[in-house]
Amino acid sequence: MPLDGIHEQLHLRHPKRSFVQYRIDRPGFITPIGHHLSTAMRYTCLIRSISSAGAVLSINKTLTLPESFYLEIHGIRDEIPCTEFKRDGDELVVRFNMFLDTDFLNHVLGRETETHGN
């Protein structure tokens with residue numbers, strides 16, 4: 001799977017963390033950061049799969065992006081800071097600049113989180 005390279009590297013540094021890859025095929029947006037941290041443009045993409053460490057995106061293969069940018073998942077207002085890991089044609093593998101929280105990942109996957117208390 002495309003995220004295996006990222007997961008292998010991170011598993012050595014974080015052996016207790018799970019790096020399960022989930023196929024979601026969900027639309028998203030890439031926002032490159034321009035001069036002085038202003039957002040320049042926003043591009044559409046398809047998020048093929050996601051884990052707590054990164055994602056595989058389908059993008060226009062002619063699109064030129066900076067090494068780091070924000071990923072927004074359609075329907076979720078949070079932006080995820082990303083760095084390009086590998087690109088092959090229209091497939092872009094990114095690693096997240098910080099691990100996704102389990103609750104946030106469950107929200108992306110449409111899973112109900114367990115509530116404690118009542």
# chains A, B, ... in the order shown; residues from 1 in each chain; ligands from 1
>>> residues_around(residues="Asn97 in chain A", least_positions_apart="5", cutoff="8 Å", atoms="only C-alpha atoms", output="JSON, numbers by chain")
{"A": [80, 81, 82, 83]}
>>> select_by_dssp(residues="chain A", states="strand (DSSP E or B)", output="PyMOL selection string")
chain A and resi 22-33+39+43-50+54-58+68-73+79-88+91-96
>>> residues_around(residues="Ser51 in chain A", least_positions_apart="3", cutoff="10 Å", atoms="only C-alpha atoms", output="PyMOL selection string")
chain A and resi 3+7+18-23+54-56+95-96+99-100+102+105
>>> closest_residue(among="A:Glu67, A:Asp25, A:Asp103, A:Glu84", to="Ile50 in chain A", atoms="only C-alpha atoms")
A:Asp25
>>> closest_residue(among="A:Pro32, A:Leu63, A:Leu57, A:Glu112", to="Lys86 in chain A", atoms="only C-alpha atoms")
A:Leu57
>>> closest_residue(among="A:Pro66, A:Gly75, A:Gly110, A:Pro15", to="Phe29 in chain A", atoms="only C-alpha atoms")
A:Gly75
>>> atom_distance(atom1="CA of Phe69 in chain A", atom2="CA of Val94 in chain A")
9.8 Å
>>> closest_residue(among="A:Cys45, A:Ile73, A:Ala53, A:Ile59", to="Asp4 in chain A", atoms="only C-alpha atoms")
A:Ala53
>>> closest_residue(among="A:Thr44, A:Glu91, A:Gly28, A:Lys61", to="Arg77 in chain A", atoms="only C-alpha atoms")
A:Gly28
>>> atom_distance(atom1="CA of Asn60 in chain A", atom2="CA of Pro2 in chain A")
17.7 Å
>>> residues_around(residues="Thr64 in chain A", least_positions_apart="6", cutoff="12 Å", atoms="only C-alpha atoms", output="ChimeraX atom specification")
/A:30-32,41,43,84,87,89-90,92
>>> write_last_selection(atoms="N, CA, C and O atoms", output="compact mmCIF listing (two decimals), in the first residue's frame")
# COMPACT_ATOMS: atom_id res chain seq x y z
N ILE A 30 -6.82 20.99 -1.29
CA ILE A 30 -5.43 21.29 -0.97
C ILE A 30 -5.28 22.80 -1.00
O ILE A 30 -5.66 23.45 -1.98
N THR A 31 -4.74 23.37 0.07
CA THR A 31 -4.50 24.81 0.13
C THR A 31 -3.02 25.05 0.32
O THR A 31 -2.49 24.83 1.41
N PRO A 32 -2.33 25.47 -0.75
CA PRO A 32 -0.91 25.82 -0.59
C PRO A 32 -0.79 27.10 0.22
O PRO A 32 -1.68 27.94 0.22
N MET A 41 -4.41 29.74 -3.20
CA MET A 41 -5.47 29.10 -3.98
C MET A 41 -5.90 27.84 -3.27
O MET A 41 -5.28 27.40 -2.30
N TYR A 43 -7.22 23.82 -4.30
CA TYR A 43 -7.37 22.84 -5.36
C TYR A 43 -8.16 21.63 -4.85
O TYR A 43 -8.02 21.24 -3.70
N GLU A 84 4.62 16.68 1.40
CA GLU A 84 4.69 15.68 0.35
C GLU A 84 5.74 14.63 0.70
O GLU A 84 6.86 14.95 1.09
N ARG A 87 5.41 11.31 -4.94
CA ARG A 87 4.43 11.61 -5.98
C ARG A 87 4.72 10.76 -7.20
O ARG A 87 5.86 10.64 -7.64
N GLY A 89 2.73 10.44 -10.86
CA GLY A 89 1.61 10.79 -11.73
C GLY A 89 0.55 11.57 -10.98
O GLY A 89 0.82 12.61 -10.41
N ASP A 90 -0.67 11.01 -10.95
CA ASP A 90 -1.76 11.70 -10.25
C ASP A 90 -1.91 11.24 -8.80
O ASP A 90 -2.83 11.64 -8.11
N LEU A 92 -0.49 11.26 -5.01
CA LEU A 92 0.36 12.01 -4.09
C LEU A 92 0.23 11.40 -2.70
O LEU A 92 -0.87 11.29 -2.17
>>> closest_residue(among="A:His107, A:His11, A:Arg48, A:Arg42", to="Ile76 in chain A", atoms="only C-alpha atoms")
A:His107
